[in-house]
file entry-v6.cif (mmCIF, C-alpha atoms)
data_entry
loop_
_atom_site.label_atom_id
_atom_site.label_comp_id
_atom_site.auth_asym_id
_atom_site.auth_seq_id
_atom_site.Cartn_x
_atom_site.Cartn_y
_atom_site.Cartn_z
CA MET A 1 155.52 -46.70 97.30
CA ALA A 2 154.34 -49.87 95.56
CA ALA A 3 151.26 -49.95 97.78
CA LEU A 4 150.43 -46.34 96.95
CA ALA A 5 150.83 -46.98 93.23
CA ARG A 6 148.62 -50.05 93.45
CA ALA A 7 145.94 -48.10 95.36
CA ALA A 8 146.02 -45.30 92.79
CA SER A 9 145.70 -47.82 89.97
CA CYS A 10 142.73 -49.45 91.70
CA GLN A 11 141.02 -46.11 92.22
CA ALA A 12 141.47 -45.21 88.54
CA GLU A 13 139.99 -48.53 87.46
CA VAL A 14 137.05 -48.12 89.83
CA THR A 15 136.42 -44.61 88.50
CA GLN A 16 136.45 -45.92 84.93
CA TRP A 17 134.03 -48.70 85.83
CA VAL A 18 131.64 -46.31 87.58
CA ALA A 19 131.66 -43.88 84.64
CA ALA A 20 130.89 -46.66 82.19
CA CYS A 21 128.10 -48.17 84.29
CA SER A 22 126.49 -44.92 85.46
CA GLY A 23 124.08 -44.85 82.52
CA LEU A 24 122.62 -48.19 83.61
CA LEU A 25 122.03 -47.30 87.27
CA GLN A 26 118.54 -45.82 87.05
CA THR A 27 116.48 -47.70 89.63
CA ALA A 28 116.86 -47.41 93.39
CA THR A 29 117.40 -51.19 93.72
CA VAL A 30 120.31 -51.23 91.27
CA GLN A 31 121.81 -48.14 92.87
CA GLY A 32 121.73 -49.80 96.30
CA GLN A 33 123.40 -52.92 94.94
CA CYS A 34 126.03 -50.77 93.25
CA ARG A 35 126.82 -48.94 96.48
CA ARG A 36 127.30 -52.21 98.32
CA MET A 37 129.47 -53.53 95.48
CA LEU A 38 131.62 -50.40 95.44
CA HIS A 39 132.08 -50.63 99.22
CA GLY A 40 133.44 -54.13 98.82
CA ILE A 41 135.68 -53.02 95.96
CA PHE A 42 137.24 -50.25 98.02
CA GLN A 43 137.78 -52.64 100.90
CA ARG A 44 139.64 -54.99 98.57
CA CYS A 45 141.62 -52.03 97.22
CA LYS A 46 142.96 -51.39 100.72
CA THR A 47 144.18 -54.97 101.03
CA GLY A 48 145.52 -55.12 97.46
CA GLN A 49 143.16 -57.90 96.40
CA PHE A 50 141.09 -55.96 93.85
CA GLN A 51 140.93 -56.99 90.20
CA LEU A 52 138.53 -55.50 87.66
CA PRO A 53 136.03 -58.24 86.63
CA LYS A 54 136.01 -59.33 83.01
CA ALA A 55 132.28 -58.63 82.82
CA CYS A 56 132.90 -55.01 83.72
CA GLY A 57 135.61 -54.81 81.06
CA GLY A 58 133.15 -56.02 78.47
CA LEU A 59 130.57 -53.59 79.79
CA ILE A 60 133.01 -50.74 79.34
CA GLU A 61 133.69 -51.77 75.75
CA ALA A 62 129.98 -52.28 75.02
CA ASN A 63 129.02 -48.90 76.41
CA GLY A 64 131.94 -46.97 74.94
CA ALA A 65 130.00 -45.99 71.83
CA LYS A 66 126.96 -45.05 73.91
CA THR A 67 129.01 -42.80 76.20
CA HIS A 68 130.67 -41.14 73.21
CA GLN A 69 127.29 -40.62 71.57
CA ASN A 70 125.91 -38.96 74.71
CA ARG A 71 128.83 -36.56 74.72
CA LEU A 72 128.09 -35.59 71.14
CA ILE A 73 124.41 -35.01 71.88
CA TYR A 74 125.22 -32.88 74.93
CA SER A 75 127.64 -30.74 72.96
CA THR A 76 124.92 -29.82 70.46
CA SER A 77 122.72 -28.44 73.23
CA LYS A 78 125.01 -25.43 73.40
CA GLN A 79 123.52 -24.24 70.10
CA LEU A 80 119.96 -24.17 71.45
CA SER A 81 120.29 -20.85 73.28
CA ALA A 82 121.52 -17.41 72.43
CA LYS A 83 123.74 -17.60 75.49
CA ASP A 84 127.20 -19.14 75.30
CA SER A 85 126.38 -21.58 78.08
CA VAL A 86 123.18 -23.39 78.94
CA GLN A 87 122.01 -23.49 82.54
CA THR A 88 121.30 -27.15 83.26
CA SER A 89 121.47 -27.32 87.05
CA GLU A 90 118.21 -26.98 88.89
CA GLU A 91 117.82 -24.73 91.91
CA LYS A 92 118.28 -26.67 95.12
CA VAL A 93 115.18 -26.72 97.31
CA GLY A 94 114.38 -28.50 100.55
CA PRO A 95 111.92 -31.36 100.97
CA PHE A 96 109.32 -29.11 102.63
CA THR A 97 109.39 -26.71 99.67
CA ARG A 98 108.95 -29.58 97.25
CA ILE A 99 105.95 -30.86 99.19
CA ILE A 100 104.11 -27.56 99.30
CA GLU A 101 104.87 -26.85 95.64
CA ALA A 102 103.59 -30.31 94.71
CA MET A 103 100.34 -29.31 96.43
CA GLY A 104 100.06 -26.24 94.16
CA PHE A 105 101.50 -23.61 96.51
CA THR A 106 104.60 -21.46 96.06
CA GLY A 107 107.51 -22.02 98.39
CA PRO A 108 110.05 -19.46 99.61
CA LEU A 109 111.68 -17.51 96.79
CA LYS A 110 114.94 -15.66 96.39
CA TYR A 111 113.12 -12.31 96.63
CA SER A 112 109.79 -11.38 98.17
CA ARG A 113 106.70 -12.15 96.11
CA TRP A 114 105.60 -8.53 96.28
CA LYS A 115 108.82 -7.38 94.59
CA ILE A 116 108.49 -10.04 91.91
CA LYS A 117 104.86 -9.13 91.21
CA VAL A 118 105.75 -5.45 90.86
CA ALA A 119 108.60 -6.36 88.51
CA ALA A 120 106.27 -8.63 86.50
CA LEU A 121 103.75 -5.81 86.09
CA ARG A 122 106.49 -3.47 84.92
CA MET A 123 107.81 -6.02 82.47
CA TYR A 124 104.38 -6.51 80.94
CA THR A 125 103.97 -2.72 80.81
CA CYS A 126 107.21 -2.54 78.84
CA CYS A 127 105.76 -5.08 76.39
CA VAL A 128 102.70 -2.97 75.65
CA GLU A 129 104.04 0.57 76.04
CA LYS A 130 107.56 0.38 74.60
CA THR A 131 106.55 -1.46 71.43
CA ASP A 132 105.79 0.51 68.28
CA TYR A 133 102.57 -1.22 67.23
CA GLU A 134 101.91 1.22 64.42
CA GLU A 135 105.21 0.28 62.78
CA PHE A 136 104.29 -3.40 63.05
CA PHE A 137 100.89 -2.81 61.46
CA ASN A 138 102.31 -0.73 58.61
CA ARG A 139 105.36 -2.82 57.71
CA CYS A 140 103.64 -6.19 58.13
CA GLN A 141 100.33 -5.03 56.64
CA MET A 142 98.30 -6.10 59.66
CA PRO A 143 94.82 -4.68 60.41
CA ASP A 144 94.59 -2.25 63.30
CA THR A 145 92.36 -4.38 65.55
CA LEU A 146 92.40 -5.70 69.11
CA ASN A 147 93.38 -9.13 67.85
CA SER A 148 96.36 -7.75 65.90
CA TRP A 149 97.46 -5.80 68.95
CA PHE A 150 97.21 -8.97 71.03
CA LEU A 151 99.26 -11.00 68.53
CA VAL A 152 102.11 -8.49 68.63
CA ALA A 153 101.88 -8.20 72.42
CA GLN A 154 101.95 -11.95 72.96
CA LEU A 155 105.10 -12.20 70.84
CA HIS A 156 106.89 -9.80 73.19
CA VAL A 157 105.41 -11.46 76.26
CA TRP A 158 106.72 -14.80 75.01
CA MET A 159 110.24 -13.39 74.61
CA CYS A 160 110.08 -12.13 78.21
CA LEU A 161 108.90 -15.56 79.39
CA VAL A 162 111.81 -17.22 77.59
CA ARG A 163 114.25 -14.91 79.38
CA MET A 164 112.73 -15.17 82.85
CA LYS A 165 112.44 -18.96 82.85
CA GLN A 166 116.23 -19.00 83.00
CA GLU A 167 116.12 -17.43 86.47
CA GLY A 168 115.02 -20.48 88.44
CA ARG A 169 111.93 -20.69 90.62
CA ALA A 170 111.66 -16.92 91.10
CA GLY A 171 111.71 -16.41 87.35
CA LYS A 172 109.00 -19.03 86.79
CA TYR A 173 106.84 -17.38 89.45
CA MET A 174 107.33 -14.06 87.68
CA CYS A 175 106.28 -15.67 84.39
CA ARG A 176 102.94 -16.73 85.85
CA TYR A 177 102.20 -13.20 87.02
CA ILE A 178 103.23 -11.69 83.67
CA VAL A 179 100.64 -13.88 81.96
CA HIS A 180 98.08 -12.94 84.62
CA CYS A 181 98.69 -9.23 83.98
CA MET A 182 98.31 -9.81 80.24
CA TRP A 183 94.85 -11.39 80.52
CA GLU A 184 93.69 -8.69 82.93
CA ASP A 185 94.81 -6.04 80.46
CA VAL A 186 93.20 -7.74 77.45
CA GLU A 187 89.87 -8.05 79.25
CA GLN A 188 89.99 -4.42 80.36
CA ARG A 189 90.82 -3.19 76.85
CA GLY A 190 87.91 -5.18 75.44
CA LYS A 191 85.53 -3.56 77.91
CA VAL A 192 86.84 -0.08 77.09
CA MET A 193 86.27 -0.76 73.39
CA GLY A 194 82.64 -1.57 74.14
CA ILE A 195 82.76 -5.23 73.10
CA ASN A 196 79.76 -7.21 74.24
CA SER A 197 80.48 -9.27 77.35
CA VAL A 198 79.39 -12.53 75.71
CA VAL A 199 81.46 -11.87 72.60
CA LEU A 200 84.41 -10.77 74.74
CA LYS A 201 84.23 -13.98 76.77
CA GLN A 202 84.27 -16.05 73.59
CA ASP A 203 87.15 -14.02 72.18
CA LEU A 204 89.14 -14.45 75.39
CA ARG A 205 88.64 -18.20 75.29
CA SER A 206 89.90 -18.26 71.72
CA MET A 207 92.86 -16.03 72.63
CA VAL A 208 93.84 -18.33 75.48
CA GLU A 209 93.91 -21.34 73.18
CA ASN A 210 95.88 -19.46 70.54
CA PHE A 211 98.30 -18.08 73.12
CA TYR A 212 99.40 -21.44 74.49
CA ALA A 213 99.56 -22.91 70.99
CA ALA A 214 101.77 -19.97 69.98
CA LEU A 215 104.08 -20.62 72.94
CA PHE A 216 104.77 -24.13 71.71
CA GLY A 217 105.33 -22.91 68.15
CA TYR A 218 107.66 -20.08 69.15
CA ASP A 219 109.63 -22.33 71.52
CA GLU A 220 110.17 -24.82 68.74
CA GLY A 221 111.18 -22.02 66.37
CA ILE A 222 113.70 -20.38 68.69
CA LEU A 223 115.37 -23.75 69.30
CA SER A 224 115.43 -24.61 65.59
CA ASP A 225 116.51 -22.89 62.42
CA ASP A 226 114.95 -19.84 60.77
CA HIS A 227 112.63 -21.95 58.63
CA VAL A 228 110.82 -23.33 61.70
CA LEU A 229 110.68 -19.91 63.36
CA ALA A 230 109.30 -18.34 60.16
CA ALA A 231 106.61 -21.03 60.01
CA ALA A 232 105.63 -20.32 63.63
CA LEU A 233 105.39 -16.58 62.91
CA TRP A 234 103.35 -17.24 59.78
CA ARG A 235 100.86 -19.38 61.72
CA ASN A 236 100.56 -17.32 64.89
CA LEU A 237 101.44 -13.70 64.15
CA PHE A 238 100.12 -13.46 60.58
CA ASN A 239 97.25 -15.94 61.00
CA ARG A 240 98.43 -17.82 57.89
CA ASN A 241 97.88 -14.67 55.83
CA CYS A 242 101.26 -13.41 54.65
CA GLU A 243 102.16 -13.47 50.98
CA ASP A 244 105.36 -11.43 51.19
CA PRO A 245 108.36 -13.49 52.39
CA GLN A 246 110.22 -10.29 53.25
CA HIS A 247 107.78 -9.73 56.11
CA LEU A 248 108.66 -13.13 57.55
CA GLU A 249 112.35 -12.45 57.08
CA LEU A 250 112.01 -9.13 58.91
CA LEU A 251 110.19 -10.75 61.85
CA VAL A 252 112.62 -13.66 62.12
CA GLU A 253 115.52 -11.22 62.32
CA TYR A 254 113.59 -9.15 64.86
CA VAL A 255 112.91 -12.12 67.16
CA ARG A 256 116.50 -13.37 67.01
CA LYS A 257 118.02 -10.02 67.90
CA GLN A 258 115.47 -9.36 70.66
CA VAL A 259 116.18 -12.69 72.34
CA GLN A 260 119.89 -11.95 72.14
CA HIS A 261 119.24 -8.48 73.54
CA LEU A 262 117.24 -9.86 76.50
CA ASP A 263 119.89 -12.48 77.23
CA ALA A 264 122.39 -9.66 77.77
CA LEU A 265 120.28 -8.24 80.61
CA SER A 266 121.11 -9.11 84.20
CA GLY A 267 118.71 -11.66 85.69
CA GLU A 268 118.86 -10.03 89.11
CA ASP A 269 117.96 -6.65 87.65
CA LEU A 270 115.02 -8.16 85.78
CA LEU A 271 113.70 -9.85 88.92
CA LEU A 272 113.92 -6.62 90.92
CA THR A 273 112.86 -4.01 88.35
CA GLY A 274 111.27 -5.75 85.35
CA GLU A 275 112.59 -3.00 83.10
CA VAL A 276 113.25 -4.15 79.54
CA SER A 277 113.86 -2.27 76.33
CA TRP A 278 113.24 -3.34 72.75
CA ARG A 279 115.32 -2.99 69.65
CA PRO A 280 113.59 -1.22 66.73
CA LEU A 281 111.88 -3.36 64.13
CA VAL A 282 114.26 -2.04 61.44
CA GLU A 283 117.80 -1.27 62.56
CA SER A 284 119.40 1.85 61.15
CA ASN A 285 122.77 0.34 62.04
CA ALA A 286 122.99 -3.45 62.06
CA ARG A 287 126.03 -3.35 64.37
CA SER A 288 124.36 -1.17 66.99
CA ILE A 289 123.20 -4.02 69.27
CA LEU A 290 125.22 -3.45 72.42
CA LYS A 291 124.86 -4.68 75.97
CA PRO A 292 122.30 -2.40 77.67
CA LEU A 293 123.05 -0.45 80.81
CA SER A 294 121.94 -1.91 84.12
CA PRO A 295 118.89 -0.19 85.64
CA VAL A 296 119.06 1.64 88.96
CA TYR A 297 116.78 0.58 91.81
CA ASN A 298 116.54 0.97 95.56
CA ASP A 299 116.22 -1.61 98.34
CA GLU A 300 112.50 -2.03 97.69
CA GLY A 301 113.08 -2.80 94.03
CA LEU A 302 111.51 0.50 92.93
#

call {"tool": "encode", "arguments": {"input": "entry-v6.cif", "output": "structure tokens"}}
result
Amino acid sequence: MAALARAASCQAEVTQWVAACSGLLQTATVQGQCRRMLHGIFQRCKTGQFQLPKACGGLIEANGAKTHQNRLIYSTSKQLSAKDSVQTSEEKVGPFTRIIEAMGFTGPLKYSRWKIKVAALRMYTCCVEKTDYEEFFNRCQMPDTLNSWFLVAQLHVWMCLVRMKQEGRAGKYMCRYIVHCMWEDVEQRGKVMGINSVVLKQDLRSMVENFYAALFGYDEGILSDDHVLAAALWRNLFNRNCEDPQHLELLVEYVRKQVQHLDALSGEDLLLTGEVSWRPLVESNARSILKPLSPVYNDEGL
């Protein structure tokens, strides 16, 4: 019994030492030395000759504040998402998949690429067909132009990208195709409107720059407070031309509730169907945001 108690005490001390020193083991050389050291420690544990070095005791005391600080920082990350928990673990992939993806190719996904592309097209279609653009133009006093339509569309596309990036590698692949569908649609709409090809090319180049700048601004806003999100909307959606703060307040509330609404949707359903719905710009009942019903689809994702 004494030997078992001594072995348990040694194992607890070793666990404490490893937890305190884990933050310092970053390089492969140090990790190899640590493994060899731990092997010797466990061997001495078996023979009852193990004693925690004084240097390690000092290291534990010196790193106690650092470990406690890291716990505090990690706990605040729970406030960065509308979900109750944040997905921090990466999807496990094999070495071959990592190699081909490092070369710019797409490895095997959870679902077939054809299904994901169809779902991406449907999701983008929901962004442009299920959004009441006229209400946006009237309430926010925006001109009825192709650029205004694009600014509202890119806001909804961004919210879809935020949701799908939570679905691992398949979701990120779907995000790329959503953006591809968006640029194809914008170019086609410009041609239908009779815009000169040279002017349309210049406008598309400007839209691309503004789109990726808006992504950074919106990402910062959704992870921060309402002041930062309102500033991002003022710069990107209103083109720095909004004198009524109530318009910004309305859009901030709209973005927050839409992100919450999309988070309630099943990731598997989104990957297979791409069907999303949008809350109205002005809610008739502020307590009417409920979890949406799951869509129905067949084996082909249709």

call {"tool": "closest_residue", "arguments": {"input": "entry-v6.cif", "among": "A:Leu155, A:Leu265, A:Leu272, A:Leu229", "to": "Glu253 of chain A", "atoms": "all atoms listed in the file"}}
result
A:Leu229

call {"tool": "residues_around", "arguments": {"input": "entry-v6.cif", "residues": "Asn236 of chain A", "least_positions_apart": "6", "cutoff": "9 Å", "atoms": "all atoms listed in the file", "output": "list in words"}}
result
Leu151, Asn210, Phe211, Ala213, Ala214, Gly217 and Tyr218 of chain A

call {"tool": "residues_around", "arguments": {"input": "entry-v6.cif", "residues": "Val208 of chain A", "least_positions_apart": "2", "cutoff": "12 Å", "atoms": "only C-alpha atoms", "output": "number ranges by chain"}}
result
A: 147, 150-151, 154, 179-180, 182-183, 186-187, 201-206, 210-215

call {"tool": "atom_distance", "arguments": {"input": "entry-v6.cif", "atom1": "atom CA of Val252 of chain A", "atom2": "atom CA of Leu281 of chain A"}}
result
10.5 Å

call {"tool": "atom_distance", "arguments": {"input": "entry-v6.cif", "atom1": "atom CA of Leu109 of chain A", "atom2": "atom CA of Val259 of chain A"}}
result
25.3 Å

call {"tool": "resolve_selection", "arguments": {"input": "entry-v6.cif", "expression": "the PyMOL selection byres ((chain A and resi 126) around 10)", "output": "PyMOL selection string"}}
result
chain A and resi 120-125+127-131+156-157+274-278

call {"tool": "build_atoms", "arguments": {"input": "entry-v6.cif", "residues": "segment 215-236 of chain A", "atoms": "N, CA and C atoms", "output": "PDB file, in the frame of the given file"}}
result
ATOM      1  N   LEU A 215     102.896 -20.387  72.105  1.00  0.00           N
ATOM      2  CA  LEU A 215     104.080 -20.620  72.940  1.00  0.00           C
ATOM      3  C   LEU A 215     104.843 -21.851  72.469  1.00  0.00           C
ATOM      4  N   PHE A 216     104.112 -22.921  72.191  1.00  0.00           N
ATOM      5  CA  PHE A 216     104.770 -24.130  71.710  1.00  0.00           C
ATOM      6  C   PHE A 216     105.455 -23.876  70.363  1.00  0.00           C
ATOM      7  N   GLY A 217     104.757 -23.176  69.469  1.00  0.00           N
ATOM      8  CA  GLY A 217     105.330 -22.910  68.150  1.00  0.00           C
ATOM      9  C   GLY A 217     106.568 -22.033  68.223  1.00  0.00           C
ATOM     10  N   TYR A 218     106.511 -20.972  69.025  1.00  0.00           N
ATOM     11  CA  TYR A 218     107.660 -20.080  69.150  1.00  0.00           C
ATOM     12  C   TYR A 218     108.837 -20.777  69.836  1.00  0.00           C
ATOM     13  N   ASP A 219     108.546 -21.591  70.859  1.00  0.00           N
ATOM     14  CA  ASP A 219     109.630 -22.330  71.520  1.00  0.00           C
ATOM     15  C   ASP A 219     110.339 -23.249  70.546  1.00  0.00           C
ATOM     16  N   GLU A 220     109.565 -23.938  69.734  1.00  0.00           N
ATOM     17  CA  GLU A 220     110.170 -24.820  68.740  1.00  0.00           C
ATOM     18  C   GLU A 220     110.985 -24.009  67.732  1.00  0.00           C
ATOM     19  N   GLY A 221     110.476 -22.839  67.347  1.00  0.00           N
ATOM     20  CA  GLY A 221     111.180 -22.020  66.370  1.00  0.00           C
ATOM     21  C   GLY A 221     112.482 -21.455  66.887  1.00  0.00           C
ATOM     22  N   ILE A 222     112.492 -20.996  68.151  1.00  0.00           N
ATOM     23  CA  ILE A 222     113.700 -20.380  68.690  1.00  0.00           C
ATOM     24  C   ILE A 222     114.789 -21.421  68.918  1.00  0.00           C
ATOM     25  N   LEU A 223     114.397 -22.690  69.117  1.00  0.00           N
ATOM     26  CA  LEU A 223     115.370 -23.750  69.300  1.00  0.00           C
ATOM     27  C   LEU A 223     115.778 -24.408  67.993  1.00  0.00           C
ATOM     28  N   SER A 224     115.146 -24.011  66.894  1.00  0.00           N
ATOM     29  CA  SER A 224     115.430 -24.610  65.590  1.00  0.00           C
ATOM     30  C   SER A 224     116.016 -23.558  64.659  1.00  0.00           C
ATOM     31  N   ASP A 225     115.960 -23.841  63.383  1.00  0.00           N
ATOM     32  CA  ASP A 225     116.510 -22.890  62.420  1.00  0.00           C
ATOM     33  C   ASP A 225     115.459 -21.851  62.041  1.00  0.00           C
ATOM     34  N   ASP A 226     115.833 -20.950  61.151  1.00  0.00           N
ATOM     35  CA  ASP A 226     114.950 -19.840  60.770  1.00  0.00           C
ATOM     36  C   ASP A 226     113.715 -20.319  60.014  1.00  0.00           C
ATOM     37  N   HIS A 227     113.797 -21.449  59.348  1.00  0.00           N
ATOM     38  CA  HIS A 227     112.630 -21.950  58.630  1.00  0.00           C
ATOM     39  C   HIS A 227     111.499 -22.294  59.600  1.00  0.00           C
ATOM     40  N   VAL A 228     111.838 -22.953  60.708  1.00  0.00           N
ATOM     41  CA  VAL A 228     110.820 -23.330  61.700  1.00  0.00           C
ATOM     42  C   VAL A 228     110.273 -22.090  62.395  1.00  0.00           C
ATOM     43  N   LEU A 229     111.142 -21.142  62.719  1.00  0.00           N
ATOM     44  CA  LEU A 229     110.680 -19.910  63.360  1.00  0.00           C
ATOM     45  C   LEU A 229     109.787 -19.114  62.421  1.00  0.00           C
ATOM     46  N   ALA A 230     110.128 -19.058  61.129  1.00  0.00           N
ATOM     47  CA  ALA A 230     109.300 -18.340  60.160  1.00  0.00           C
ATOM     48  C   ALA A 230     107.927 -19.007  60.034  1.00  0.00           C
ATOM     49  N   ALA A 231     107.891 -20.325  60.075  1.00  0.00           N
ATOM     50  CA  ALA A 231     106.610 -21.030  60.010  1.00  0.00           C
ATOM     51  C   ALA A 231     105.755 -20.729  61.227  1.00  0.00           C
ATOM     52  N   ALA A 232     106.380 -20.648  62.414  1.00  0.00           N
ATOM     53  CA  ALA A 232     105.630 -20.320  63.630  1.00  0.00           C
ATOM     54  C   ALA A 232     105.081 -18.892  63.566  1.00  0.00           C
ATOM     55  N   LEU A 233     105.864 -17.956  63.054  1.00  0.00           N
ATOM     56  CA  LEU A 233     105.390 -16.580  62.910  1.00  0.00           C
ATOM     57  C   LEU A 233     104.266 -16.490  61.879  1.00  0.00           C
ATOM     58  N   TRP A 234     104.385 -17.248  60.814  1.00  0.00           N
ATOM     59  CA  TRP A 234     103.350 -17.240  59.780  1.00  0.00           C
ATOM     60  C   TRP A 234     102.026 -17.772  60.338  1.00  0.00           C
ATOM     61  N   ARG A 235     102.085 -18.808  61.158  1.00  0.00           N
ATOM     62  CA  ARG A 235     100.860 -19.380  61.720  1.00  0.00           C
ATOM     63  C   ARG A 235     100.253 -18.505  62.797  1.00  0.00           C
ATOM     64  N   ASN A 236     101.082 -17.969  63.682  1.00  0.00           N
ATOM     65  CA  ASN A 236     100.560 -17.320  64.890  1.00  0.00           C
ATOM     66  C   ASN A 236     100.458 -15.804  64.776  1.00  0.00           C
TER      67      ASN A 236
END
